[in-house]
$ cat protein-v2.cif   # mmCIF, C-alpha atoms
data_model
loop_
_atom_site.label_atom_id
_atom_site.label_comp_id
_atom_site.auth_asym_id
_atom_site.auth_seq_id
_atom_site.Cartn_x
_atom_site.Cartn_y
_atom_site.Cartn_z
CA MET B 28 -31.05 66.10 86.99
CA PRO B 29 -28.54 67.47 84.45
CA SER B 30 -28.73 71.24 84.21
CA ILE B 31 -30.36 72.29 80.96
CA SER B 32 -30.83 75.96 80.16
CA PRO B 33 -34.30 77.45 79.90
CA ALA B 34 -35.85 77.63 76.47
CA ASP B 35 -34.77 81.26 75.89
CA THR B 36 -31.19 80.21 75.07
CA THR B 37 -30.48 79.60 71.39
CA VAL B 38 -31.66 76.35 69.89
CA GLU B 39 -28.06 75.44 69.00
CA THR B 40 -26.89 75.85 72.58
CA ARG B 41 -29.78 73.84 73.90
CA PHE B 42 -29.09 71.04 71.40
CA GLU B 43 -25.43 70.93 72.40
CA GLU B 44 -26.30 70.94 76.10
CA LEU B 45 -28.70 68.04 75.65
CA ILE B 46 -26.00 66.06 73.84
CA ALA B 47 -23.40 66.90 76.50
CA ALA B 48 -25.80 65.88 79.29
CA GLU B 49 -26.36 62.42 77.68
CA GLU B 50 -30.01 63.33 77.11
CA LYS B 51 -31.76 62.02 73.99
CA ILE B 52 -32.77 64.22 71.07
CA GLU B 53 -36.43 63.63 70.17
CA PRO B 54 -38.19 64.19 66.80
CA THR B 55 -39.76 67.57 67.62
CA ASP B 56 -36.49 69.05 68.99
CA TRP B 57 -34.45 71.46 66.94
CA MET B 58 -31.41 69.74 65.43
CA PRO B 59 -28.67 70.82 62.99
CA GLU B 60 -29.40 69.86 59.38
CA GLY B 61 -26.18 67.82 59.32
CA TYR B 62 -27.35 65.80 62.33
CA ARG B 63 -30.69 65.14 60.64
CA SER B 64 -29.22 64.15 57.27
CA THR B 65 -26.50 61.98 58.85
CA LEU B 66 -29.16 60.11 60.82
CA ILE B 67 -31.41 59.71 57.78
CA ARG B 68 -28.51 58.30 55.76
CA GLN B 69 -27.38 55.97 58.53
CA ILE B 70 -30.81 54.73 59.70
CA ALA B 71 -31.92 54.21 56.07
CA GLN B 72 -28.76 52.25 55.27
CA HIS B 73 -29.34 50.19 58.40
CA ALA B 74 -32.99 49.53 57.45
CA HIS B 75 -32.01 48.60 53.89
CA SER B 76 -29.41 46.17 55.30
CA GLU B 77 -32.04 44.37 57.35
CA VAL B 78 -34.32 44.05 54.33
CA ILE B 79 -31.64 43.00 51.80
CA GLY B 80 -30.22 40.73 54.52
CA MET B 81 -33.27 38.49 54.12
CA GLN B 82 -32.07 37.34 50.69
CA PRO B 83 -28.88 35.37 51.49
CA GLU B 84 -30.68 33.41 54.20
CA GLY B 85 -34.00 33.16 52.38
CA ASN B 86 -31.94 31.29 49.79
CA TRP B 87 -31.69 28.27 52.15
CA ILE B 88 -35.17 28.09 53.69
CA THR B 89 -36.42 25.43 51.27
CA ARG B 90 -33.22 23.40 51.73
CA ALA B 91 -32.90 23.53 55.52
CA PRO B 92 -31.76 20.10 56.77
CA SER B 93 -34.63 19.60 59.22
CA LEU B 94 -38.04 21.00 60.07
CA ARG B 95 -36.59 22.51 63.26
CA ARG B 96 -33.85 24.33 61.34
CA LYS B 97 -36.37 25.48 58.75
CA ALA B 98 -38.75 26.92 61.37
CA ILE B 99 -35.81 28.71 63.06
CA LEU B 100 -34.53 30.14 59.79
CA MET B 101 -37.98 31.41 58.82
CA ALA B 102 -38.36 33.07 62.25
CA LYS B 103 -34.97 34.72 61.80
CA VAL B 104 -35.74 36.01 58.31
CA GLN B 105 -39.08 37.32 59.61
CA ASP B 106 -37.20 39.14 62.38
CA GLU B 107 -34.99 40.82 59.77
CA ALA B 108 -38.12 42.15 58.05
CA GLY B 109 -39.35 43.40 61.42
CA HIS B 110 -36.01 45.08 62.12
CA GLY B 111 -36.20 46.84 58.77
CA LEU B 112 -39.65 48.15 59.71
CA TYR B 113 -38.56 49.41 63.16
CA LEU B 114 -35.76 51.30 61.44
CA TYR B 115 -37.85 52.79 58.61
CA SER B 116 -40.26 53.89 61.34
CA ALA B 117 -37.37 55.61 63.19
CA ALA B 118 -36.18 57.28 59.95
CA GLU B 119 -39.67 58.60 59.22
CA THR B 120 -39.61 60.59 62.49
CA LEU B 121 -36.92 62.74 60.81
CA GLY B 122 -39.28 63.98 58.10
CA VAL B 123 -38.45 61.54 55.31
CA THR B 124 -41.02 59.17 53.82
CA ARG B 125 -40.70 55.41 53.44
CA ASP B 126 -41.26 55.86 49.71
CA ASP B 127 -38.27 58.21 49.45
CA LEU B 128 -36.00 55.69 51.16
CA VAL B 129 -37.16 52.66 49.17
CA HIS B 130 -36.78 54.65 45.97
CA LEU B 131 -33.23 55.70 46.94
CA LEU B 132 -32.33 52.06 47.61
CA HIS B 133 -33.81 50.83 44.35
CA THR B 134 -31.89 53.46 42.36
CA GLY B 135 -28.60 52.76 44.12
CA ARG B 136 -28.27 56.14 45.83
CA GLN B 137 -28.47 54.67 49.31
CA LYS B 138 -26.49 51.60 50.23
CA TYR B 139 -26.84 48.62 52.52
CA SER B 140 -24.16 46.63 54.32
CA SER B 141 -21.73 45.13 51.81
CA ILE B 142 -21.74 41.80 53.64
CA PHE B 143 -25.00 40.91 51.87
CA ASN B 144 -23.30 41.08 48.49
CA TYR B 145 -21.60 37.75 49.14
CA PRO B 146 -23.32 34.52 48.08
CA THR B 147 -24.52 31.77 50.46
CA LEU B 148 -23.00 28.65 48.91
CA SER B 149 -23.67 25.97 51.52
CA TRP B 150 -25.86 25.25 54.55
CA ALA B 151 -22.86 26.03 56.77
CA ASP B 152 -23.18 29.64 55.60
CA MET B 153 -26.41 29.85 57.67
CA GLY B 154 -24.26 29.00 60.69
CA ALA B 155 -21.45 31.39 59.78
CA ILE B 156 -23.84 34.27 59.06
CA GLY B 157 -25.66 33.91 62.38
CA TRP B 158 -22.43 33.52 64.33
CA LEU B 159 -20.21 36.06 62.55
CA VAL B 160 -22.42 38.50 60.64
CA ASP B 161 -25.04 38.80 63.36
CA GLY B 162 -22.24 38.77 65.94
CA ALA B 163 -20.62 41.76 64.22
CA ALA B 164 -24.01 43.46 63.88
CA ILE B 165 -24.68 43.00 67.61
CA THR B 166 -21.32 44.57 68.50
CA ASN B 167 -22.28 47.63 66.46
CA GLN B 168 -25.91 47.71 67.58
CA VAL B 169 -25.20 47.43 71.30
CA MET B 170 -23.19 50.63 70.88
CA LEU B 171 -26.10 52.23 68.98
CA THR B 172 -28.54 51.64 71.87
CA ARG B 173 -26.63 54.60 73.41
CA CYS B 174 -27.08 56.76 70.30
CA SER B 175 -28.22 60.34 71.03
CA TYR B 176 -31.31 60.14 68.79
CA GLY B 177 -34.19 58.71 70.83
CA PRO B 178 -36.17 56.82 68.16
CA TYR B 179 -32.99 55.19 66.75
CA SER B 180 -31.76 54.24 70.20
CA ARG B 181 -35.15 52.70 71.12
CA ALA B 182 -35.28 50.72 67.86
CA MET B 183 -31.80 49.37 68.69
CA VAL B 184 -32.87 48.19 72.14
CA ARG B 185 -35.71 46.24 70.56
CA ILE B 186 -33.44 44.81 67.85
CA CYS B 187 -30.63 43.81 70.23
CA LYS B 188 -33.09 41.76 72.31
CA GLU B 189 -33.90 39.73 69.20
CA GLU B 190 -30.39 39.49 67.67
CA SER B 191 -29.09 37.32 70.47
CA PHE B 192 -31.26 34.46 69.21
CA HIS B 193 -29.84 35.02 65.72
CA GLN B 194 -26.26 34.63 66.83
CA ARG B 195 -26.90 31.66 69.10
CA GLN B 196 -28.80 29.69 66.46
CA GLY B 197 -25.91 30.29 64.04
CA TYR B 198 -23.31 29.12 66.52
CA GLU B 199 -25.44 26.06 67.24
CA ILE B 200 -25.40 25.18 63.52
CA MET B 201 -21.58 25.49 63.55
CA LEU B 202 -21.41 23.27 66.66
CA SER B 203 -23.56 20.59 65.00
CA LEU B 204 -21.42 20.63 61.86
CA THR B 205 -18.06 20.57 63.68
CA ARG B 206 -19.25 17.61 65.79
CA GLY B 207 -20.40 15.81 62.62
CA THR B 208 -18.68 13.95 59.80
CA PRO B 209 -15.35 15.07 58.30
CA ALA B 210 -17.28 16.47 55.33
CA GLN B 211 -19.47 18.53 57.66
CA ARG B 212 -16.41 19.87 59.53
CA GLU B 213 -14.88 20.80 56.20
CA MET B 214 -18.06 22.63 55.22
CA ALA B 215 -17.98 24.60 58.51
CA GLN B 216 -14.31 25.55 57.99
CA ASP B 217 -15.03 26.62 54.41
CA ALA B 218 -17.84 28.89 55.61
CA LEU B 219 -15.57 30.48 58.24
CA ASP B 220 -12.87 30.95 55.58
CA ARG B 221 -15.26 32.85 53.32
CA TRP B 222 -17.13 34.93 55.96
CA TRP B 223 -14.31 35.92 58.32
CA TRP B 224 -12.79 38.82 56.38
CA PRO B 225 -16.06 40.27 55.07
CA SER B 226 -17.30 40.21 58.70
CA LEU B 227 -14.30 42.28 59.83
CA MET B 228 -15.03 44.71 56.98
CA MET B 229 -18.57 45.23 58.36
CA PHE B 230 -17.17 47.73 60.88
CA GLY B 231 -16.16 50.03 58.04
CA PRO B 232 -12.87 51.69 57.07
CA GLU B 233 -10.05 52.12 59.54
CA ASP B 234 -10.45 55.15 61.80
CA SER B 235 -7.78 57.06 59.87
CA ASP B 236 -9.84 56.67 56.64
CA SER B 237 -13.38 57.01 57.99
CA THR B 238 -15.00 60.16 56.60
CA HIS B 239 -18.12 60.42 58.77
CA SER B 240 -16.77 59.16 62.07
CA GLU B 241 -15.47 62.23 63.85
CA GLN B 242 -18.60 64.35 63.55
CA SER B 243 -20.82 61.37 64.37
CA MET B 244 -18.80 60.73 67.52
CA GLN B 245 -19.21 64.40 68.55
CA TRP B 246 -22.96 64.16 68.04
CA LYS B 247 -22.97 60.84 69.94
CA ILE B 248 -24.66 59.12 67.02
CA LYS B 249 -21.64 56.82 67.07
CA ARG B 250 -20.09 56.05 70.46
CA VAL B 251 -17.15 53.77 69.67
CA SER B 252 -14.73 53.97 66.71
CA ASN B 253 -14.72 51.44 63.84
CA ASP B 254 -11.35 50.00 64.86
CA ASP B 255 -12.33 49.63 68.52
CA LEU B 256 -15.58 47.86 67.59
CA ARG B 257 -13.65 45.57 65.23
CA GLN B 258 -11.21 44.75 68.04
CA GLN B 259 -14.11 43.92 70.40
CA PHE B 260 -15.51 41.56 67.78
CA VAL B 261 -12.18 39.80 67.14
CA ASP B 262 -11.49 39.38 70.86
CA MET B 263 -14.95 37.91 71.40
CA THR B 264 -14.98 35.64 68.33
CA VAL B 265 -11.52 34.01 68.23
CA PRO B 266 -12.10 31.96 71.41
CA GLN B 267 -15.48 30.88 69.98
CA ALA B 268 -13.71 29.61 66.83
CA ASP B 269 -11.18 27.79 69.04
CA HIS B 270 -14.03 26.11 70.88
CA LEU B 271 -15.41 24.88 67.55
CA GLY B 272 -11.97 23.56 66.63
CA LEU B 273 -11.96 25.74 63.52
CA THR B 274 -9.06 27.84 62.22
CA VAL B 275 -9.53 31.56 61.67
CA PRO B 276 -8.14 32.22 58.16
CA ASP B 277 -5.54 34.76 59.28
CA PRO B 278 -1.93 33.51 59.71
CA GLU B 279 -1.02 36.75 61.50
CA LEU B 280 -3.70 36.37 64.14
CA SER B 281 -2.09 36.17 67.58
CA TRP B 282 -2.74 37.11 71.19
CA ASN B 283 -0.88 40.24 72.21
CA ALA B 284 -0.37 39.99 75.97
CA ASP B 285 0.90 43.59 76.21
CA ARG B 286 -2.24 45.04 74.66
CA GLY B 287 -4.55 42.43 76.12
CA HIS B 288 -6.07 41.99 72.66
CA TYR B 289 -5.68 39.85 69.55
CA ASP B 290 -3.59 41.31 66.73
CA HIS B 291 -4.94 40.52 63.28
CA GLY B 292 -3.56 40.72 59.74
CA ALA B 293 -4.25 43.50 57.24
CA ILE B 294 -7.75 43.75 55.77
CA ASP B 295 -8.02 43.81 51.96
CA TRP B 296 -9.58 47.27 51.61
CA ASP B 297 -9.46 47.05 47.81
CA GLU B 298 -11.98 44.21 48.03
CA PHE B 299 -14.09 46.26 50.47
CA TRP B 300 -14.26 49.28 48.16
CA THR B 301 -14.92 47.12 45.09
CA VAL B 302 -17.98 45.64 46.81
CA VAL B 303 -19.13 49.01 48.22
CA LYS B 304 -18.94 50.54 44.77
CA GLY B 305 -21.22 47.89 43.31
CA ASP B 306 -18.94 45.21 41.90
CA GLY B 307 -19.22 42.54 44.58
CA PRO B 308 -20.37 39.03 43.64
CA MET B 309 -24.08 39.66 44.29
CA ASN B 310 -24.70 43.45 44.18
CA ARG B 311 -26.75 43.50 40.99
CA GLU B 312 -28.75 40.39 41.81
CA ARG B 313 -29.69 41.66 45.28
CA ILE B 314 -31.14 44.94 43.99
CA GLU B 315 -32.82 43.31 40.99
CA HIS B 316 -34.51 40.84 43.31
CA LYS B 317 -35.60 43.64 45.67
CA VAL B 318 -37.05 45.77 42.87
CA ALA B 319 -38.82 42.76 41.33
CA ALA B 320 -40.37 41.84 44.70
CA TRP B 321 -41.60 45.43 45.13
CA GLU B 322 -43.09 45.58 41.66
CA ASP B 323 -44.54 42.05 41.59
CA ASN B 324 -46.35 42.69 44.85
CA ALA B 325 -47.74 46.11 43.93
CA TRP B 326 -51.14 44.49 43.36
CA VAL B 327 -51.30 43.47 47.04
CA ARG B 328 -50.71 47.06 48.22
CA ASN B 329 -53.17 48.40 45.67
CA ALA B 330 -55.83 45.82 46.56
CA ALA B 331 -55.50 46.62 50.27
CA LEU B 332 -55.91 50.35 49.56
CA ALA B 333 -58.90 49.73 47.27
CA HIS B 334 -60.49 47.51 49.93
CA ALA B 335 -60.00 50.19 52.61
CA ALA B 336 -61.40 52.91 50.31
CA GLY B 337 -64.39 50.75 49.40
CA ARG B 338 -65.29 50.21 53.03
CA LEU B 339 -65.33 53.95 53.70
CA GLU B 340 -68.04 54.43 51.11
CA PRO B 341 -71.52 53.54 52.32
CA MET Y 10 -38.86 69.33 58.52
CA ALA Y 11 -39.07 68.08 54.94
CA TYR Y 12 -36.03 66.20 53.72
CA SER Y 13 -35.15 66.80 50.10
CA VAL Y 14 -34.23 63.61 48.33
CA PRO Y 15 -30.98 63.92 46.37
CA ARG Y 16 -31.80 64.15 42.67
CA MET Y 17 -30.00 62.20 40.01
CA GLU Y 18 -29.81 62.76 36.28
CA GLY Y 19 -32.53 60.84 34.45
CA ASP Y 20 -34.48 60.50 37.69
CA ASP Y 21 -37.81 61.36 36.14
CA THR Y 22 -37.53 58.41 33.83
CA VAL Y 23 -37.36 55.92 36.71
CA ALA Y 24 -40.82 54.52 37.33
CA PHE Y 25 -41.56 54.20 41.02
CA GLU Y 26 -44.95 53.56 42.47
CA GLY Y 27 -44.68 54.11 46.20
CA GLN Y 28 -47.01 53.63 49.12
CA GLY Y 29 -47.83 57.33 49.19
CA ASP Y 30 -51.53 56.90 49.92
CA THR Y 31 -51.08 54.39 52.71
CA PRO Y 32 -51.69 56.11 56.05
CA MET Y 33 -49.26 55.94 58.96
CA TRP Y 34 -50.38 54.61 62.35
CA GLU Y 35 -48.81 54.98 65.79
CA VAL Y 36 -48.71 51.70 67.72
CA PHE Y 37 -49.28 51.40 71.50
CA ILE Y 38 -48.83 48.13 73.37
CA ARG Y 39 -49.91 47.02 76.83
CA GLN Y 40 -47.01 44.85 77.92
CA ARG Y 41 -49.03 42.98 80.51
CA ARG Y 42 -52.18 43.38 82.58
CA GLY Y 43 -51.93 46.23 85.04
CA LEU Y 44 -49.69 48.42 82.86
CA SER Y 45 -50.66 51.29 80.54
CA HIS Y 46 -50.35 51.07 76.79
CA SER Y 47 -46.99 52.51 75.71
CA HIS Y 48 -45.90 53.86 72.37
CA VAL Y 49 -43.60 51.43 70.51
CA GLY Y 50 -43.35 52.86 66.99
CA SER Y 51 -45.30 53.34 63.81
CA LEU Y 52 -46.27 51.50 60.64
CA HIS Y 53 -48.15 51.96 57.39
CA ALA Y 54 -51.47 50.26 56.70
CA PRO Y 55 -54.50 51.05 54.55
CA ASP Y 56 -57.02 50.68 57.40
CA ALA Y 57 -57.26 50.17 61.17
CA GLU Y 58 -57.90 46.43 61.00
CA THR Y 59 -54.85 45.82 58.84
CA ALA Y 60 -52.82 48.16 61.06
CA VAL Y 61 -53.65 46.02 64.11
CA GLN Y 62 -52.64 42.85 62.24
CA HIS Y 63 -49.37 44.43 61.09
CA ALA Y 64 -48.70 45.72 64.61
CA ARG Y 65 -49.12 42.19 65.97
CA ASP Y 66 -46.65 40.83 63.40
CA VAL Y 67 -44.09 43.63 63.70
CA TYR Y 68 -44.15 44.49 67.41
CA THR Y 69 -45.31 41.37 69.28
CA ARG Y 70 -43.48 38.39 67.78
CA ARG Y 71 -42.32 37.32 71.26
CA ARG Y 72 -45.43 37.96 73.36
CA GLU Y 73 -44.35 41.54 74.11
CA GLY Y 74 -47.96 42.50 74.69
CA VAL Y 75 -51.48 41.51 75.64
CA SER Y 76 -53.25 44.41 73.92
CA ILE Y 77 -52.59 46.69 70.94
CA TRP Y 78 -53.90 50.15 70.10
CA VAL Y 79 -53.32 51.81 66.74
CA VAL Y 80 -54.01 55.52 66.18
CA PRO Y 81 -53.72 57.40 62.88
CA SER Y 82 -50.50 59.43 63.16
CA SER Y 83 -52.39 62.48 61.86
CA SER Y 84 -54.62 62.31 64.97
CA ILE Y 85 -51.75 62.86 67.39
CA HIS Y 86 -51.68 66.47 68.58
CA ALA Y 87 -48.55 67.39 70.46
CA PHE Y 88 -47.28 69.99 72.87
CA ASP Y 89 -45.19 72.66 71.16
CA PRO Y 90 -41.55 72.13 72.26
CA ASP Y 91 -41.08 75.93 72.14
CA ASP Y 92 -43.38 76.11 75.15
CA ALA Y 93 -40.91 74.12 77.22
CA GLU Y 94 -40.60 76.99 79.71
CA SER Y 95 -43.99 76.10 81.15
CA PHE Y 96 -42.32 72.91 82.45
CA ILE Y 97 -39.60 75.02 84.00
CA GLU Y 98 -42.20 77.17 85.81
CA ALA Y 99 -43.65 74.03 87.32
CA ASN Y 100 -40.16 73.22 88.57
CA GLU Y 101 -40.12 76.54 90.44
CA LYS Y 102 -42.78 75.33 92.88
CA PRO Y 103 -40.81 73.00 95.13
CA TYR Y 104 -43.55 73.10 97.80
CA ARG Y 105 -45.51 70.75 95.57
CA HIS Y 106 -43.07 67.98 96.45
CA ALA Y 107 -43.27 65.95 99.65
CA THR Y 108 -39.52 66.35 100.19
CA HIS Y 109 -40.01 70.13 100.65
CA TYR Y 110 -41.30 69.59 104.21
CA GLU Y 111 -39.07 68.74 107.16
CA ILE Y 112 -40.62 66.29 109.59
CA PRO Y 113 -38.64 65.32 112.74
CA ASP Y 114 -37.17 61.80 112.59
CA GLU Y 115 -38.99 60.84 115.81
CA VAL Y 116 -42.30 61.16 114.02
CA GLY Y 117 -41.32 58.17 111.90
CA HIS Y 118 -42.30 57.42 108.35
CA MET Y 119 -44.85 59.76 106.85
#
$ encode --input "protein-v2.cif" --output "structure tokens"
Amino acid sequence: MPSISPADTTVETRFEELIAAEEKIEPTDWMPEGYRSTLIRQIAQHAHSEVIGMQPEGNWITRAPSLRRKAILMAKVQDEAGHGLYLYSAAETLGVTRDDLVHLLHTGRQKYSSIFNYPTLSWADMGAIGWLVDGAAITNQVMLTRCSYGPYSRAMVRICKEESFHQRQGYEIMLSLTRGTPAQREMAQDALDRWWWPSLMMFGPEDSDSTHSEQSMQWKIKRVSNDDLRQQFVDMTVPQADHLGLTVPDPELSWNADRGHYDHGAIDWDEFWTVVKGDGPMNRERIEHKVAAWEDNAWVRNAALAHAAGRLEP
Amino acid sequence: MAYSVPRMEGDDTVAFEGQGDTPMWEVFIRQRRGLSHSHVGSLHAPDAETAVQHARDVYTRRREGVSIWVVPSSSIHAFDPDDAESFIEANEKPYRHATHYEIPDEVGHM
């Protein structure tokens, strides 16, 4: 048992001792306002990403090449909705309402992962997204299972169990295409060319430019730095691309035997910030679609409430 | 505990109809026969029947359970964390634990 002071020490000390002892912080515990607001911002952004993330893939459900692929894609998109709900549920334990968060998303004051502001132009993008985007998400989320906030950490455990299917089905699509006709191989390479760099950007700015990182690391909300996570992802993914016989679109990519890691070329951070600030290829369309879906389906929520109220009356 | 939503100029002009009236439910799942129901998370639903259906869709897509309970979140009454010292008092009574007693090895397992 780690030694934790009795309750008569100050709440701040107790909080810090719990963090130092690798114990989880639970909703009813005292926590610094900065810890609470950082978690609300991060969990909300994560939840929004899952929900907006349904759009690029939903785009291909009706055009999936077989019934098997269609059933798989629908199950994956349904999982993303579920992941969004686990995360909103975790955020609500911090004293924020679902309505607040949805409203902040719809009015552009909370963001979602920029990766979903790129368009899905071909079926191969379903492969590249599962393999690369979900692969990058898993790298980040495995770290977050060790996050100091209990409800967030538990949501991550649940999500990570399901993400593995997402990545494997994507890689399987890439395998099928690369073993197919020359046109199919070309389609797979084109998808890798377009999704590689945005996937590396998913880990966020370089450590030297990351504004929230240091405090989040101290609070054990974040356990591994952006650059280290990105390196993990590159090291894991390059051999998988080799196996597919595809070329990673980075002429500077090379194995560095001294470091025991791959070196990669410079990331175009101007592109990253352009997309973050709202001028990516799909930013406006994604939010417009989300708001329209919310508004068009208001009658369903209202009908369900009216039905429940009607049954309460004798 | 309330979190104040950052305000933005012109905010009041943005129409937003939320789910404000939709109650929150805590979800408990029995993973398999022989185990207790365990808390897995929460969700919003207008009534208990819909809450159970939503819980099935959100929390048991891969046969994670054989039984679901939903409880209105407002019905959960919790221990005050400021009373944590009462747990510490309990810790001061080591004679309640079997390991407190020394039994000679020759006696064997007890």
$ closest_residue --input "protein-v2.cif" --among "B:Asp56, B:Glu213, B:Asp262, B:Glu241" --to "B:Gly162" --atoms "all atoms listed in the file"
B:Asp262
$ resolve_selection --input "protein-v2.cif" --expression "the PyMOL selection byres ((chain B) within 7 of (chain Y))" --output "list of chain:residue names"
B:Pro33, B:Ala34, B:Thr55, B:Asp56, B:Gly109, B:Ser116, B:Gly122, B:Val123, B:Asp126, B:Asp127, B:His130, B:Ala331, B:Leu332, B:Ala335
$ resolve_selection --input "protein-v2.cif" --expression "the PyMOL selection byres ((chain B and resi 188-205) around 10)" --output "ChimeraX atom specification"
/B:96,99-100,102-104,106-107,110,150-165,168-169,183-187,206-216,218-219,267-268,270-273 /Y:70-71
$ residues_around --input "protein-v2.cif" --residues "Y:Arg42" --least-positions-apart "6" --cutoff "12 Å" --atoms "only C-alpha atoms" --output "list in words"
Glu73, Gly74, Val75 and Ser76 of chain Y
$ atom_distance --input "protein-v2.cif" --atom1 "atom CA of B:Asn324" --atom2 "atom CA of B:Pro178"
29.1 Å
$ resolve_selection --input "protein-v2.cif" --expression "the PyMOL selection byres ((chain B and resi 300-302) around 12)" --output "PyMOL selection string"
chain B and resi 138-145+225+228-229+231-232+294-299+303-311
$ atom_distance --input "protein-v2.cif" --atom1 "atom CA of B:Glu43" --atom2 "atom CA of B:Tyr62"
11.5 Å
$ closest_residue --input "protein-v2.cif" --among "B:Ala108, B:Leu256, B:Val318, B:Cys174" --to "B:Glu233" --atoms "all atoms listed in the file"
B:Leu256
$ residues_around --input "protein-v2.cif" --residues "B:Asn86" --least-positions-apart "4" --cutoff "12 Å" --atoms "all atoms listed in the file" --output "number ranges by chain"
B: 79-82, 90-91, 97, 100-101, 104, 146-150, 152-153, 313, 316
$ atom_distance --input "protein-v2.cif" --atom1 "atom CA of B:Thr172" --atom2 "atom CA of B:Glu49"
12.4 Å
$ residues_around --input "protein-v2.cif" --residues "B:Ser281" --least-positions-apart "3" --cutoff "10 Å" --atoms "only C-alpha atoms" --output "ChimeraX atom specification"
/B:265,277-278,284,288-292
$ write_last_selection --input "protein-v2.cif" --atoms "C-alpha atoms" --output "PDB file, in the coordinates of the input"
ATOM      1  CA  VAL B 265     -11.520  34.010  68.230  1.00  0.00           C
ATOM      2  CA  ASP B 277      -5.540  34.760  59.280  1.00  0.00           C
ATOM      3  CA  PRO B 278      -1.930  33.510  59.710  1.00  0.00           C
ATOM      4  CA  ALA B 284      -0.370  39.990  75.970  1.00  0.00           C
ATOM      5  CA  HIS B 288      -6.070  41.990  72.660  1.00  0.00           C
ATOM      6  CA  TYR B 289      -5.680  39.850  69.550  1.00  0.00           C
ATOM      7  CA  ASP B 290      -3.590  41.310  66.730  1.00  0.00           C
ATOM      8  CA  HIS B 291      -4.940  40.520  63.280  1.00  0.00           C
ATOM      9  CA  GLY B 292      -3.560  40.720  59.740  1.00  0.00           C
TER      10      GLY B 292
END
$ closest_residue --input "protein-v2.cif" --among "B:Arg286, B:His75, B:Glu119, B:Gln245" --to "Y:Ser82" --atoms "all atoms listed in the file"
B:Glu119
$ decode --input "protein-v2.cif" --residues "stretch 319-337 of chain B" --atoms "C-alpha atoms" --output "short mmCIF file (atom, residue, chain, number, x, y, z; two decimals), in the first residue's frame"
data_model
loop_
_atom_site.label_atom_id
_atom_site.label_comp_id
_atom_site.auth_asym_id
_atom_site.auth_seq_id
_atom_site.Cartn_x
_atom_site.Cartn_y
_atom_site.Cartn_z
CA ALA B 319 -27.58 19.74 -39.23
CA ALA B 320 -27.73 16.18 -37.85
CA TRP B 321 -28.34 17.55 -34.34
CA GLU B 322 -31.08 19.88 -35.49
CA ASP B 323 -32.75 17.52 -37.97
CA ASN B 324 -33.03 14.85 -35.30
CA ALA B 325 -34.35 17.12 -32.54
CA TRP B 326 -37.83 15.68 -33.12
CA VAL B 327 -36.58 12.21 -32.09
CA ARG B 328 -35.25 13.50 -28.76
CA ASN B 329 -38.40 15.54 -28.18
CA ALA B 330 -40.69 12.63 -29.06
CA ALA B 331 -38.83 10.32 -26.67
CA LEU B 332 -39.14 12.88 -23.86
CA ALA B 333 -42.85 13.44 -24.60
CA HIS B 334 -43.42 9.68 -24.62
CA ALA B 335 -41.66 9.27 -21.26
CA ALA B 336 -43.60 12.19 -19.74
CA GLY B 337 -46.90 10.82 -21.07
#
